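**Student:** Compact mmCIF, C-alpha atoms and all ligand atoms, file start.txt:
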```txt
# COMPACT_ATOMS: atom_id res chain seq x y z
CA MET T 1 104.41 141.98 104.72
CA PRO T 2 102.54 139.49 102.48
CA GLN T 3 99.75 137.58 104.20
CA ARG T 4 101.00 134.24 102.98
CA LEU T 5 104.55 133.35 104.02
CA ILE T 6 105.46 129.67 104.04
CA THR T 7 104.37 127.89 100.86
CA SER T 8 101.54 125.37 100.83
CA LYS T 9 104.16 122.67 100.15
CA LEU T 10 105.81 123.29 103.52
CA ALA T 11 103.00 124.72 105.62
CA SER T 12 102.29 121.45 107.41
CA PHE T 13 105.91 120.97 108.48
CA GLY T 14 106.69 122.74 111.74
CA GLU T 15 109.82 122.33 113.82
CA THR T 16 111.23 118.78 113.68
CA ILE T 17 110.40 116.52 116.59
CA PHE T 18 114.12 116.18 117.28
CA ALA T 19 114.62 119.93 117.77
CA GLU T 20 111.45 120.14 119.86
CA MET T 21 112.41 117.28 122.13
CA SER T 22 116.06 118.32 122.53
CA ALA T 23 114.82 121.80 123.53
CA LEU T 24 112.47 120.18 126.04
CA ALA T 25 115.38 118.21 127.49
CA ALA T 26 117.54 121.33 127.74
CA ARG T 27 114.71 123.28 129.39
CA THR T 28 113.89 120.62 131.97
CA GLY T 29 117.31 119.09 132.58
CA ALA T 30 115.88 115.69 131.64
CA VAL T 31 118.04 112.84 130.33
CA ASN T 32 117.76 113.18 126.54
CA LEU T 33 116.98 109.83 124.92
CA GLY T 34 115.05 111.65 122.18
CA GLN T 35 117.23 112.89 119.32
CA GLY T 36 119.63 110.21 118.11
CA PHE T 37 123.15 111.47 118.68
CA PRO T 38 125.97 109.87 120.69
CA ASP T 39 127.17 111.60 123.86
CA THR T 40 130.78 110.59 123.22
CA ASP T 41 133.13 111.38 120.33
CA GLY T 42 134.12 108.88 117.71
CA PRO T 43 137.63 107.46 117.10
CA THR T 44 140.54 109.84 117.68
CA GLU T 45 142.25 108.70 114.44
CA VAL T 46 139.28 110.22 112.65
CA SER T 47 139.05 113.47 114.62
CA ASP T 48 142.85 113.88 114.44
CA ALA T 49 142.60 113.51 110.66
CA ALA T 50 140.06 116.35 110.54
CA ILE T 51 142.30 118.61 112.65
CA GLN T 52 145.27 117.72 110.46
CA ALA T 53 143.23 118.42 107.32
CA ILE T 54 142.43 121.93 108.58
CA ARG T 55 146.11 122.51 109.37
CA ASP T 56 147.05 121.15 105.94
CA GLY T 57 144.81 123.66 104.23
CA HIS T 58 141.80 121.56 103.23
CA ASN T 59 139.67 124.61 103.84
CA GLN T 60 138.37 125.75 100.47
CA TYR T 61 135.56 124.34 98.34
CA PRO T 62 136.21 120.70 97.59
CA PRO T 63 135.27 119.35 94.14
CA GLY T 64 131.52 119.16 93.49
CA ILE T 65 131.46 115.38 93.58
CA GLY T 66 133.64 115.18 96.70
CA ILE T 67 137.39 114.76 97.18
CA ALA T 68 138.92 111.82 95.33
CA ASP T 69 140.35 110.21 98.49
CA LEU T 70 136.89 109.97 100.09
CA ARG T 71 135.21 108.72 96.90
CA HIS T 72 137.87 105.99 96.69
CA ALA T 73 137.39 105.13 100.37
CA ILE T 74 133.62 104.83 99.81
CA ALA T 75 134.20 102.51 96.85
CA GLU T 76 136.67 100.43 98.89
CA HIS T 77 134.13 100.23 101.71
CA GLN T 78 131.42 98.87 99.38
CA GLN T 79 133.85 96.24 98.08
CA ARG T 80 135.12 95.30 101.53
CA PHE T 81 131.78 94.95 103.30
CA TYR T 82 129.41 93.94 100.48
CA GLY T 83 131.58 92.75 97.58
CA VAL T 84 130.09 95.49 95.42
CA THR T 85 132.28 97.20 92.83
CA VAL T 86 131.61 100.89 92.19
CA ASP T 87 133.52 103.41 90.11
CA PRO T 88 134.69 106.14 92.52
CA ASP T 89 134.81 108.69 89.70
CA THR T 90 131.35 108.26 88.20
CA GLU T 91 129.23 106.26 90.64
CA VAL T 92 129.86 108.07 93.94
CA LEU T 93 128.67 111.51 95.00
CA VAL T 94 129.64 113.06 98.34
CA THR T 95 126.84 115.04 100.01
CA ALA T 96 126.03 117.11 103.09
CA GLY T 97 124.93 114.09 105.12
CA ALA T 98 122.44 111.49 104.04
CA THR T 99 119.77 114.16 104.41
CA GLU T 100 121.05 116.16 101.45
CA ALA T 101 121.57 113.01 99.38
CA LEU T 102 117.95 112.00 100.03
CA THR T 103 116.55 115.44 99.26
CA ALA T 104 118.69 115.92 96.16
CA ALA T 105 117.70 112.47 94.86
CA LEU T 106 114.00 113.13 95.42
CA LEU T 107 114.23 116.61 93.82
CA ALA T 108 116.15 115.22 90.87
CA LEU T 109 114.03 112.14 90.22
CA CYS T 110 110.46 113.20 91.06
CA ASP T 111 108.20 115.49 89.10
CA ASP T 112 105.07 117.18 90.38
CA GLY T 113 102.48 114.55 91.19
CA ASP T 114 104.84 111.57 91.05
CA GLU T 115 104.16 108.87 93.61
CA VAL T 116 106.77 107.76 96.12
CA VAL T 117 106.13 104.56 98.07
CA VAL T 118 107.66 104.34 101.53
CA PHE T 119 107.11 102.27 104.68
CA GLU T 120 105.60 104.03 107.67
CA PRO T 121 106.83 104.94 110.20
CA TRP T 122 109.19 106.95 107.95
CA TYR T 123 112.20 109.09 108.87
CA ASP T 124 111.05 112.67 109.28
CA SER T 125 112.94 114.32 106.42
CA TYR T 126 111.31 112.01 103.84
CA GLY T 127 107.90 113.65 104.14
CA ALA T 128 109.29 117.16 103.74
CA ALA T 129 111.64 116.24 100.88
CA ILE T 130 108.88 114.42 98.99
CA ALA T 131 106.67 117.48 99.46
CA MET T 132 109.42 119.87 98.31
CA ALA T 133 109.77 117.75 95.19
CA GLY T 134 106.03 118.18 94.58
CA ALA T 135 105.58 114.41 94.77
CA THR T 136 103.07 112.46 96.85
CA LYS T 137 103.72 109.81 99.48
CA THR T 138 102.03 106.39 99.52
CA VAL T 139 102.70 104.46 102.71
CA VAL T 140 102.82 100.78 103.59
CA THR T 141 102.56 100.25 107.35
CA LEU T 142 105.10 98.28 109.38
CA ARG T 143 103.48 96.61 112.39
CA PRO T 144 104.97 94.61 115.28
CA GLY T 145 104.45 90.89 114.63
CA ASN T 146 105.87 87.55 115.74
CA ASN T 147 109.21 88.23 114.07
CA GLY T 148 109.62 91.89 114.92
CA TYR T 149 108.17 94.54 112.64
CA GLU T 150 106.49 93.17 109.53
CA PHE T 151 104.51 94.42 106.55
CA ASP T 152 101.56 92.91 104.78
CA GLU T 153 102.55 91.65 101.34
CA ALA T 154 99.13 92.49 99.90
CA GLU T 155 99.49 96.08 101.13
CA LEU T 156 102.88 96.37 99.46
CA ARG T 157 101.57 94.89 96.21
CA ALA T 158 98.66 97.33 96.27
CA ALA T 159 101.00 100.29 96.85
CA ILE T 160 103.60 99.66 94.12
CA GLY T 161 101.97 99.91 90.72
CA PRO T 162 101.95 101.61 87.35
CA SER T 163 101.75 105.07 88.91
CA THR T 164 104.72 104.55 91.23
CA ARG T 165 107.77 106.59 90.29
CA LEU T 166 110.03 105.76 93.17
CA PHE T 167 110.40 103.40 96.13
CA LEU T 168 112.24 104.68 99.19
CA LEU T 169 113.57 102.10 101.65
CA ASN T 170 115.33 102.61 104.98
CA THR T 171 117.16 99.56 106.36
CA PRO T 172 118.19 99.25 109.17
CA HIS T 173 115.00 101.16 109.88
CA ASN T 174 114.50 104.21 112.07
CA PRO T 175 112.46 104.26 114.35
CA THR T 176 111.51 100.54 114.49
CA GLY T 177 115.03 99.05 114.44
CA LYS T 178 113.89 96.60 111.77
CA VAL T 179 116.51 95.03 109.49
CA PHE T 180 114.81 93.94 106.27
CA THR T 181 115.30 90.27 105.46
CA ASP T 182 116.49 88.63 102.27
CA GLU T 183 112.95 87.45 101.56
CA GLU T 184 111.46 90.92 102.04
CA LEU T 185 114.12 92.59 99.91
CA SER T 186 113.60 89.99 97.15
CA LEU T 187 109.89 90.80 97.06
CA ILE T 188 110.53 94.57 97.02
CA ALA T 189 113.10 94.16 94.25
CA GLN T 190 110.79 92.00 92.19
CA LEU T 191 107.97 94.57 92.43
CA CYS T 192 110.27 97.49 91.61
CA VAL T 193 111.57 95.71 88.51
CA GLU T 194 108.08 94.62 87.46
CA HIS T 195 106.76 98.19 87.62
CA ASP T 196 109.98 99.84 86.44
CA VAL T 197 110.32 101.92 89.59
CA LEU T 198 113.36 103.95 90.66
CA VAL T 199 114.71 103.17 94.14
CA ILE T 200 116.44 105.09 96.91
CA THR T 201 117.81 103.25 99.95
CA ASP T 202 118.79 104.96 103.18
CA GLU T 203 121.43 102.85 104.92
CA VAL T 204 122.86 105.25 107.52
CA TYR T 205 122.67 102.50 110.19
CA GLU T 206 124.44 99.92 107.97
CA HIS T 207 127.06 99.22 110.67
CA LEU T 208 124.50 98.93 113.44
CA VAL T 209 122.94 95.53 112.79
CA PHE T 210 122.75 93.45 115.99
CA ASP T 211 120.71 90.52 114.69
CA GLY T 212 120.57 89.42 111.08
CA GLU T 213 122.60 90.89 108.26
CA HIS T 214 122.58 94.19 106.38
CA ARG T 215 121.78 93.54 102.73
CA LEU T 216 121.88 96.07 99.92
CA LEU T 217 118.72 96.27 97.85
CA ALA T 218 120.96 97.41 94.99
CA THR T 219 122.47 93.91 94.83
CA TYR T 220 119.19 92.14 93.96
CA PRO T 221 118.47 91.17 90.35
CA GLY T 222 117.60 94.17 88.17
CA MET T 223 118.21 96.65 90.97
CA ALA T 224 121.74 98.02 90.37
CA GLU T 225 120.62 100.07 87.36
CA ARG T 226 117.69 101.70 89.20
CA THR T 227 118.95 102.21 92.77
CA VAL T 228 120.59 105.11 94.57
CA THR T 229 122.24 103.78 97.76
CA ILE T 230 122.62 106.46 100.41
CA SER T 231 124.63 106.44 103.63
CA SER T 232 126.73 108.73 105.77
CA GLY T 233 129.55 108.75 108.30
CA GLY T 234 127.57 110.34 111.14
CA LYS T 235 126.31 107.18 112.81
CA THR T 236 129.18 104.85 111.91
CA PHE T 237 131.85 107.15 113.34
CA SER T 238 129.80 108.94 116.03
CA PHE T 239 130.30 112.37 114.48
CA THR T 240 126.72 113.25 113.57
CA GLY T 241 127.53 116.96 113.33
CA TRP T 242 130.05 116.54 110.53
CA LYS T 243 127.41 115.81 107.91
CA ILE T 244 129.45 113.88 105.39
CA GLY T 245 127.17 111.58 103.41
CA TRP T 246 127.16 109.95 100.01
CA ALA T 247 125.05 108.55 97.23
CA ILE T 248 126.11 105.58 95.14
CA GLY T 249 124.40 104.64 91.91
CA PRO T 250 124.53 104.35 88.14
CA THR T 251 126.28 107.26 86.42
CA GLU T 252 123.19 108.73 84.71
CA ILE T 253 121.07 108.68 87.86
CA LEU T 254 123.90 110.17 89.92
CA GLN T 255 124.32 112.93 87.35
CA ALA T 256 120.69 113.86 87.91
CA VAL T 257 121.16 113.80 91.70
CA ARG T 258 124.27 115.93 91.33
CA THR T 259 122.36 118.51 89.32
CA ALA T 260 120.06 119.07 92.30
CA LYS T 261 122.84 118.74 94.89
CA GLN T 262 125.03 121.40 93.34
CA TYR T 263 122.31 124.00 93.88
CA LEU T 264 121.49 122.94 97.42
CA THR T 265 124.86 123.16 99.18
CA TYR T 266 127.18 122.83 96.18
CA VAL T 267 129.74 121.25 98.55
CA ASN T 268 130.40 120.94 102.29
CA GLY T 269 132.79 119.85 105.02
CA ALA T 270 136.16 120.08 103.23
CA PRO T 271 138.31 118.91 106.19
CA PHE T 272 135.75 116.30 107.26
CA GLN T 273 135.91 114.56 103.91
CA PRO T 274 139.50 113.23 104.25
CA ALA T 275 138.77 112.42 107.91
CA THR T 276 135.73 110.35 106.92
CA ALA T 277 137.97 108.52 104.43
CA VAL T 278 140.24 107.60 107.36
CA GLY T 279 137.19 106.30 109.22
CA LEU T 280 135.99 104.15 106.34
CA ARG T 281 139.43 102.53 106.17
CA LEU T 282 139.64 101.69 109.91
CA GLY T 283 140.28 98.03 110.71
CA ASP T 284 137.62 95.46 111.51
CA ASP T 285 138.42 95.89 115.21
CA TYR T 286 136.86 99.34 115.08
CA PHE T 287 133.66 98.24 113.33
CA ASP T 288 133.34 95.12 115.54
CA GLY T 289 133.99 97.05 118.75
CA PHE T 290 131.50 99.77 117.84
CA LEU T 291 128.83 97.18 117.12
CA ALA T 292 129.49 95.20 120.29
CA ASP T 293 129.29 98.35 122.41
CA MET T 294 126.01 99.41 120.83
CA ARG T 295 124.56 95.90 121.13
CA MET T 296 125.31 95.95 124.85
CA LYS T 297 123.57 99.34 125.10
CA ARG T 298 120.60 98.06 123.09
CA ASP T 299 120.22 95.24 125.61
CA LEU T 300 120.78 97.46 128.62
CA LEU T 301 118.06 99.93 127.63
CA SER T 302 115.63 97.32 126.25
CA ASP T 303 115.86 95.26 129.47
CA GLY T 304 115.59 98.38 131.60
CA LEU T 305 112.49 99.65 129.77
CA GLU T 306 110.91 96.21 130.10
CA SER T 307 111.67 96.12 133.83
CA VAL T 308 109.79 99.37 134.43
CA GLY T 309 106.73 98.18 132.52
CA PHE T 310 107.05 99.16 128.84
CA THR T 311 106.26 96.62 126.14
CA VAL T 312 109.56 96.63 124.25
CA TYR T 313 110.08 95.89 120.56
CA ARG T 314 113.74 94.91 120.74
CA PRO T 315 115.44 96.40 117.68
CA GLN T 316 117.58 94.35 115.28
CA GLY T 317 119.56 97.46 114.38
CA THR T 318 119.96 101.28 114.67
CA TYR T 319 120.24 103.60 117.68
CA PHE T 320 116.63 103.21 118.80
CA VAL T 321 114.19 101.04 120.71
CA THR T 322 110.45 101.45 120.20
CA THR T 323 108.07 100.76 123.08
CA ASP T 324 104.33 100.44 123.56
CA ILE T 325 103.17 102.68 126.42
CA ARG T 326 99.67 101.27 126.90
CA ASN T 327 100.67 99.44 130.10
CA PHE T 328 100.78 102.92 131.64
CA GLY T 329 97.11 103.51 130.96
CA THR T 330 97.41 105.80 127.94
CA ASP T 331 97.71 105.48 124.18
CA ASP T 332 98.68 109.12 123.59
CA GLY T 333 102.43 108.92 122.97
CA ARG T 334 102.76 112.60 122.21
CA GLN T 335 101.29 113.70 125.55
CA PHE T 336 103.23 110.94 127.29
CA CYS T 337 106.49 112.37 125.88
CA LEU T 338 105.53 115.94 126.79
CA ASP T 339 104.82 114.84 130.37
CA LEU T 340 107.79 112.49 130.73
CA PRO T 341 110.39 115.09 131.82
CA GLU T 342 108.19 116.09 134.74
CA ARG T 343 107.07 112.57 135.62
CA ALA T 344 110.44 110.88 135.27
CA GLY T 345 113.13 113.32 134.10
CA VAL T 346 113.58 111.63 130.71
CA VAL T 347 112.94 112.77 127.12
CA ALA T 348 111.81 110.37 124.38
CA VAL T 349 110.21 110.79 120.94
CA PRO T 350 106.58 109.93 120.07
CA ASN T 351 106.58 107.64 117.03
CA VAL T 352 103.22 109.05 115.90
CA VAL T 353 105.03 111.92 114.16
CA PHE T 354 106.48 109.36 111.70
CA TYR T 355 103.06 108.05 110.60
CA ASP T 356 100.47 109.17 108.04
CA ASN T 357 97.98 106.82 109.71
CA LYS T 358 98.17 108.32 113.17
CA SER T 359 96.21 105.51 114.85
CA GLU T 360 98.98 103.04 113.88
CA GLY T 361 101.60 104.87 115.91
CA SER T 362 99.86 106.88 118.61
CA HIS T 363 100.77 104.43 121.42
CA LEU T 364 104.44 104.04 120.45
CA VAL T 365 107.42 105.89 121.92
CA ARG T 366 111.07 105.74 120.84
CA PHE T 367 114.14 105.86 123.10
CA ALA T 368 117.73 106.31 121.85
CA PHE T 369 120.47 104.13 123.38
CA CYS T 370 123.51 105.76 121.74
CA LYS T 371 124.48 107.16 125.16
CA LYS T 372 126.98 106.41 127.93
CA VAL T 373 126.14 103.38 130.07
CA GLY T 374 125.77 105.59 133.16
CA VAL T 375 123.29 107.81 131.31
CA LEU T 376 121.20 104.82 130.23
CA GLU T 377 121.25 103.43 133.78
CA GLU T 378 120.23 106.80 135.18
CA ALA T 379 117.37 107.02 132.66
CA VAL T 380 116.08 103.55 133.59
CA GLU T 381 116.26 104.38 137.28
CA ARG T 382 114.33 107.60 136.72
CA LEU T 383 111.73 105.81 134.60
CA GLY T 384 111.12 103.57 137.60
CA ALA T 385 108.95 106.48 138.81
CA LEU T 386 106.35 105.38 136.25
CA ARG T 387 105.77 102.07 138.03
N1 LIG O 401 118.20 108.72 107.59
C1 LIG O 401 117.86 108.21 108.78
C2 LIG O 401 117.03 106.98 108.84
C3 LIG O 401 118.30 108.83 109.95
O1 LIG O 401 117.95 108.34 111.14
C4 LIG O 401 119.06 110.00 109.85
C5 LIG O 401 119.45 110.71 111.12
N2 LIG O 401 120.70 110.66 111.37
C6 LIG O 401 119.41 110.48 108.58
C7 LIG O 401 118.94 109.82 107.47
C8 LIG O 401 120.23 111.71 108.40
O2 LIG O 401 121.58 111.42 108.26
P1 LIG O 401 122.65 112.58 108.15
O3 LIG O 401 122.86 113.11 109.53
O4 LIG O 401 123.84 111.93 107.58
O5 LIG O 401 122.08 113.63 107.26
N1 LIG O 402 118.35 110.91 112.91
C1 LIG O 402 118.22 111.42 114.24
C2 LIG O 402 117.04 110.76 114.92
O1 LIG O 402 116.30 110.06 114.28
C3 LIG O 402 118.00 112.91 114.31
C4 LIG O 402 118.60 113.75 113.26
C5 LIG O 402 117.99 115.12 113.29
O2 LIG O 402 117.88 115.74 114.33
N2 LIG O 402 117.55 115.55 112.16
O3 LIG O 402 116.83 110.96 116.07
```
Could you quickly redo this structure as structure tokens?
Ligand code: PMP
Ligand code: GLN

**Tutor:**
Amino acid sequence: MPQRLITSKLASFGETIFAEMSALAARTGAVNLGQGFPDTDGPTEVSDAAIQAIRDGHNQYPPGIGIADLRHAIAEHQQRFYGVTVDPDTEVLVTAGATEALTAALLALCDDGDEVVVFEPWYDSYGAAIAMAGATKTVVTLRPGNNGYEFDEAELRAAIGPSTRLFLLNTPHNPTGKVFTDEELSLIAQLCVEHDVLVITDEVYEHLVFDGEHRLLATYPGMAERTVTISSGGKTFSFTGWKIGWAIGPTEILQAVRTAKQYLTYVNGAPFQPATAVGLRLGDDYFDGFLADMRMKRDLLSDGLESVGFTVYRPQGTYFVTTDIRNFGTDDGRQFCLDLPERAGVVAVPNVVFYDNKSEGSHLVRFAFCKKVGVLEEAVERLGALR
């Protein structure tokens, strides 16, 4: 057996925090507010469509770019919600979740040594995918301010420069729940155009904006030709295990992404593709009802966490609420999360794992509220033990 197994590119990436914390929850019987997945199924029209698709024989490899019906539904969705016109045949690529779209885009667009600028905290797969691409990560820190999480304009200007190859933006943002504003997106767009930078946006929480409005960076001046817009059906339809995602962008950039994608999975989820098309075409009542339900859960958990003594950064979007744990006499979020099942029977995620600058995130802990009301109430009651 060779001495050296995992490559130097991947050596620093152990098990994901989500797997670790879900295992901890399973082991201890704690309420799992760690990994972000709903504990109820999505709309039956959508799951029935998947069952029907299996019965109808949608069980072999779909086309490499995704089935036509889903690509058309994705294009219709962009028109309906954002007034953006995309060509379903050349500007849409179906992927194995947003994760594959992100990884394929980074592998396709970054060479060894290229610089990728991203806000920290960043979603966990970004670090690994940037490393697999041989690129390097430059971070700009998001910090809680008077208007929710903010960044320092000077820090952003210092980060995006002549050596930047790509800018990677997540809005609505996991784990902070930040929804980037028009003003912030204008500045980012202006810098990306000025320095001729490629852009990837991760918009998997696009239908989970409680305050403010979801805006597409691709719609800002000069951005359409340089931006890959990524999303997926997992969050919007509460079927996170189906892993149907997509990338939208200019034909030439998507061709590059497709080159990488076809050697990662080639294709996936044949029966889930037509079902996701059904989801994307659901009426406004579905999207409105989903949002209202999640907003209520955001408030329930945020208020509950506040009542037991956490400092709460109420999220504008996503599945997650970030808290400051220092009121409990510690700033070690990782140890706090490891101890939490025993102290209070709840599992959460330490935000520090999403930071390069560990001191920026060590005292922050994330809780997921995409759970049944009774589960959230039970979690808050248990957390009362911390008082
Ligand atoms: N991006 C962000 C910000 C996420 O939180 C997640 C987790 N669901 C993903 C991407 C991955 O999405 P998918 O499950 O579609 O691969
Ligand atoms: N996106 C989910 C979260 O942030 C987890 C997805 C995963 O386990 N990779 O919790």

**Student:** If the limit is 7 Å from any atom of ligand LIG 402 (chain O), counting only C-alpha atoms and all ligand atoms, which residues qualify? Return them as a ChimeraX atom specification.

**Tutor:** /T:18-19,34-37,123,174-175

**Student:** Counting all atoms listed in the file, which residue out of T:Ser125, T:Gln79, T:Thr311, T:Thr164 sits closest to ligand LIG 401 (chain O)?

**Tutor:**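 When distances to ligand LIG 401 (chain O) are compared using all atoms listed in the file, the smallest one comes from T:Ser125.
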
**Student:** Compute the set of protein, DNA and RNA residues whose minimum atom distance to ligand LIG 401 (chain O) is at most 10 Å, using all atoms listed in the file, and state it as a PDB file with C-alpha atoms, in the coordinates of the input.

**Tutor:**
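Generated output (part.pdb):
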```pdb
ATOM      1  CA  PHE T  18     114.120 116.180 117.280  1.00  0.00           C
ATOM      2  CA  GLN T  35     117.230 112.890 119.320  1.00  0.00           C
ATOM      3  CA  GLY T  36     119.630 110.210 118.110  1.00  0.00           C
ATOM      4  CA  PHE T  37     123.150 111.470 118.680  1.00  0.00           C
ATOM      5  CA  THR T  95     126.840 115.040 100.010  1.00  0.00           C
ATOM      6  CA  ALA T  96     126.030 117.110 103.090  1.00  0.00           C
ATOM      7  CA  GLY T  97     124.930 114.090 105.120  1.00  0.00           C
ATOM      8  CA  ALA T  98     122.440 111.490 104.040  1.00  0.00           C
ATOM      9  CA  THR T  99     119.770 114.160 104.410  1.00  0.00           C
ATOM     10  CA  GLU T 100     121.050 116.160 101.450  1.00  0.00           C
ATOM     11  CA  ALA T 101     121.570 113.010  99.380  1.00  0.00           C
ATOM     12  CA  LEU T 102     117.950 112.000 100.030  1.00  0.00           C
ATOM     13  CA  THR T 103     116.550 115.440  99.260  1.00  0.00           C
ATOM     14  CA  TRP T 122     109.190 106.950 107.950  1.00  0.00           C
ATOM     15  CA  TYR T 123     112.200 109.090 108.870  1.00  0.00           C
ATOM     16  CA  ASP T 124     111.050 112.670 109.280  1.00  0.00           C
ATOM     17  CA  SER T 125     112.940 114.320 106.420  1.00  0.00           C
ATOM     18  CA  TYR T 126     111.310 112.010 103.840  1.00  0.00           C
ATOM     19  CA  LEU T 169     113.570 102.100 101.650  1.00  0.00           C
ATOM     20  CA  ASN T 170     115.330 102.610 104.980  1.00  0.00           C
ATOM     21  CA  THR T 171     117.160  99.560 106.360  1.00  0.00           C
ATOM     22  CA  PRO T 172     118.190  99.250 109.170  1.00  0.00           C
ATOM     23  CA  HIS T 173     115.000 101.160 109.880  1.00  0.00           C
ATOM     24  CA  ASN T 174     114.500 104.210 112.070  1.00  0.00           C
ATOM     25  CA  PRO T 175     112.460 104.260 114.350  1.00  0.00           C
ATOM     26  CA  GLY T 177     115.030  99.050 114.440  1.00  0.00           C
ATOM     27  CA  THR T 201     117.810 103.250  99.950  1.00  0.00           C
ATOM     28  CA  ASP T 202     118.790 104.960 103.180  1.00  0.00           C
ATOM     29  CA  GLU T 203     121.430 102.850 104.920  1.00  0.00           C
ATOM     30  CA  VAL T 204     122.860 105.250 107.520  1.00  0.00           C
ATOM     31  CA  TYR T 205     122.670 102.500 110.190  1.00  0.00           C
ATOM     32  CA  ILE T 230     122.620 106.460 100.410  1.00  0.00           C
ATOM     33  CA  SER T 231     124.630 106.440 103.630  1.00  0.00           C
ATOM     34  CA  SER T 232     126.730 108.730 105.770  1.00  0.00           C
ATOM     35  CA  GLY T 233     129.550 108.750 108.300  1.00  0.00           C
ATOM     36  CA  GLY T 234     127.570 110.340 111.140  1.00  0.00           C
ATOM     37  CA  LYS T 235     126.310 107.180 112.810  1.00  0.00           C
ATOM     38  CA  THR T 236     129.180 104.850 111.910  1.00  0.00           C
ATOM     39  CA  PHE T 239     130.300 112.370 114.480  1.00  0.00           C
ATOM     40  CA  THR T 240     126.720 113.250 113.570  1.00  0.00           C
ATOM     41  CA  GLY T 241     127.530 116.960 113.330  1.00  0.00           C
ATOM     42  CA  TRP T 242     130.050 116.540 110.530  1.00  0.00           C
ATOM     43  CA  LYS T 243     127.410 115.810 107.910  1.00  0.00           C
ATOM     44  CA  ILE T 244     129.450 113.880 105.390  1.00  0.00           C
ATOM     45  CA  GLY T 245     127.170 111.580 103.410  1.00  0.00           C
ATOM     46  CA  TRP T 246     127.160 109.950 100.010  1.00  0.00           C
ATOM     47  CA  THR T 318     119.960 101.280 114.670  1.00  0.00           C
ATOM     48  CA  TYR T 319     120.240 103.600 117.680  1.00  0.00           C
ATOM     49  CA  PHE T 320     116.630 103.210 118.800  1.00  0.00           C
TER      50      PHE T 320
END
```

**Student:** Just want the 6 Å neighbourhood of Phe119 in chain T, counted on all atoms listed in the file, with same-chain residues fewer than 6 positions away dropped. Output as a list in words.

**Tutor:**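 Once the adjacent positions are removed, what remains is Val139, Val140 and Thr141 of chain T.
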
**Student:** Give me, as an mmCIF file with C-alpha atoms, in the coordinates of the input, all polymer residues having an atom no more than 7 Å from Gly134 in chain T, counting all atoms listed in the file and skipping those fewer than 5 positions away in the same chain.

**Tutor:**
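The result, stored in selection.cif:
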```
data_model
loop_
_atom_site.group_PDB
_atom_site.id
_atom_site.type_symbol
_atom_site.label_atom_id
_atom_site.label_comp_id
_atom_site.auth_asym_id
_atom_site.auth_seq_id
_atom_site.Cartn_x
_atom_site.Cartn_y
_atom_site.Cartn_z
ATOM 1 C CA ASP T 111 108.200 115.490 89.100
ATOM 2 C CA ASP T 112 105.070 117.180 90.380
ATOM 3 C CA GLY T 113 102.480 114.550 91.190
#
```

**Student:** For range 285-301 of chain T, please output as a VMD selection string all residues within 8 Å (counting all atoms listed in the file; exclusion window: fewer than 6 positions along the same chain).

**Tutor:** chain T and resid 207 to 210 314 to 315 319 to 321 369 to 371 373 376 to 377 380

**Student:** Save out the residues we just selected, C-alpha atoms, as a short mmCIF file (atom, residue, chain, number, x, y, z; two decimals), keeping the file's coordinate frame.

**Tutor:**
```cif
data_model
loop_
_atom_site.label_atom_id
_atom_site.label_comp_id
_atom_site.auth_asym_id
_atom_site.auth_seq_id
_atom_site.Cartn_x
_atom_site.Cartn_y
_atom_site.Cartn_z
CA HIS T 207 127.06 99.22 110.67
CA LEU T 208 124.50 98.93 113.44
CA VAL T 209 122.94 95.53 112.79
CA PHE T 210 122.75 93.45 115.99
CA ARG T 314 113.74 94.91 120.74
CA PRO T 315 115.44 96.40 117.68
CA TYR T 319 120.24 103.60 117.68
CA PHE T 320 116.63 103.21 118.80
CA VAL T 321 114.19 101.04 120.71
CA PHE T 369 120.47 104.13 123.38
CA CYS T 370 123.51 105.76 121.74
CA LYS T 371 124.48 107.16 125.16
CA VAL T 373 126.14 103.38 130.07
CA LEU T 376 121.20 104.82 130.23
CA GLU T 377 121.25 103.43 133.78
CA VAL T 380 116.08 103.55 133.59
#
```

**Student:** Check the smallest atom-to-atom distance from each of T:Ser302, T:Pro162, T:Pro221, T:Arg143 to Leu364 in chain T using all atoms listed in the file, then report the winner.

**Tutor:**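 Looking at the shortest contact to Leu364 in chain T, the residue is T:Arg143.
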
**Student:** Where atoms are missing, can you supply N, CA, C and O atoms for range 240-244 of chain T and output the lot as a PDB file, in the coordinates of the input?

**Tutor:**
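Okay, out23.pdb is ready:
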```pdb
ATOM      1  N   THR T 240     127.938 112.920 114.340  1.00  0.00           N
ATOM      2  CA  THR T 240     126.720 113.250 113.570  1.00  0.00           C
ATOM      3  C   THR T 240     126.713 114.699 113.091  1.00  0.00           C
ATOM      4  O   THR T 240     125.985 115.025 112.160  1.00  0.00           O
ATOM      5  N   GLY T 241     127.528 115.548 113.737  1.00  0.00           N
ATOM      6  CA  GLY T 241     127.530 116.960 113.330  1.00  0.00           C
ATOM      7  C   GLY T 241     128.400 117.248 112.124  1.00  0.00           C
ATOM      8  O   GLY T 241     128.394 118.368 111.622  1.00  0.00           O
ATOM      9  N   TRP T 242     129.153 116.287 111.652  1.00  0.00           N
ATOM     10  CA  TRP T 242     130.050 116.540 110.530  1.00  0.00           C
ATOM     11  C   TRP T 242     129.336 116.571 109.185  1.00  0.00           C
ATOM     12  O   TRP T 242     129.780 117.207 108.252  1.00  0.00           O
ATOM     13  N   LYS T 243     128.267 115.796 109.106  1.00  0.00           N
ATOM     14  CA  LYS T 243     127.410 115.810 107.910  1.00  0.00           C
ATOM     15  C   LYS T 243     128.166 115.505 106.614  1.00  0.00           C
ATOM     16  O   LYS T 243     128.125 116.262 105.648  1.00  0.00           O
ATOM     17  N   ILE T 244     128.862 114.378 106.629  1.00  0.00           N
ATOM     18  CA  ILE T 244     129.450 113.880 105.390  1.00  0.00           C
ATOM     19  C   ILE T 244     128.669 112.615 104.997  1.00  0.00           C
ATOM     20  O   ILE T 244     128.709 111.610 105.700  1.00  0.00           O
TER      21      ILE T 244
END
```
